[in-house]
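First the structure, in the form of structure tokens, and then the observations on it.
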Amino acid sequence: MDAAMTTDLPAAYEISADSARIDAALVHRWLSEDAYWARDRSREKQDRAIAGSLNFGVYERASGQQVGYARVVTDKADFAWLCDVYISPQVRGKGIGTALVTAVRDHLAPYGLRRILLATADAHEIYAKLGFAPLEAPERWMALGRQ
């Protein structure tokens, strides 16, 4: 990632949009065991999600160990969905998640997307600090599937 996108990231960490660096087994374990929105997601389904998305990882510079993840489903023209944002419990509270979402937002900016959506049950305040807001007209939106 560009240095400008990681200025609030602690110096001991780096963010990469290189999908080849993603530790798919670790991401699957995090999400399927610890993330309320993906609990019990199969490894095969997680691998398909990674393959069909833009992926972002946060890594310790010294060890290369992955400590965070986010993915984006997008057409790179009009719409994106930010999902599966996860920071390892061992490094939470250091601003890594905020830096990750900032880097994702900035990475998407050149596409000129009309809308980036996300869903959260418990992090509204964090995302609001980065420019996300409730839907202006939620009555216009519908969903198919589990909610």
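By order in the structure tokens, chains are A, B, ...; within a chain, residues start at 1; ligands start at 1, following the order shown.
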
Counting only C-alpha atoms, which residues of region 30-76 of chain A sit at most 12 Å from some atom of region 111-114 of chain A, and what is each one's closest atom pair with its distance in Å to one decimal, listed by chain and rising residue number, as a tab-separated table?
```
residue	atom	partner	partner_atom	distance
A:Thr74	CA	A:Leu113	CA	9.1
A:Asp75	CA	A:Leu113	CA	9.0
A:Lys76	CA	A:Tyr111	CA	5.8
```

### Residue contacts of Asp18 (chain A) (8 Å, only C-alpha atoms) excluding same-chain residues fewer than 5 positions away, as JSON, numbers by chain
{"A": [55, 56, 57]}

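Non-sequential neighbours of Trp81 (chain A) (distance at most 7 Å, separation of 3 or more positions within a chain, only C-alpha atoms) are Val72, Val73, Thr74, Ile116, Leu117 and Leu118 of chain A.
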
### Message
Between CA of Val27 (chain A) and CA of Glu60 (chain A), what distance in Å does the model show, to one decimal?
### Response
15.3 Å

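Note that CA of Leu108 (chain A) and CA of Phe79 (chain A) are 10.0 Å apart.
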
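Closest approach to Gly131 (chain A) from the set A:Ala24, A:Ser16, A:Glu33, A:Thr102 is made by A:Thr102, with distances taken over only C-alpha atoms.
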
### Query
Within 10 Å of Ala119 (chain A), counting only C-alpha atoms, which residues qualify if same-chain residues fewer than 2 places away don't, as an MDAnalysis selection string?
chainID A and resid 37 81:84 117 121:124 134

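Among A:Glu14, A:Asp8, A:Glu125, A:Asp47, the residue with the shortest atom-to-atom distance to Arg29 (chain A), counting only C-alpha atoms, is A:Asp47.
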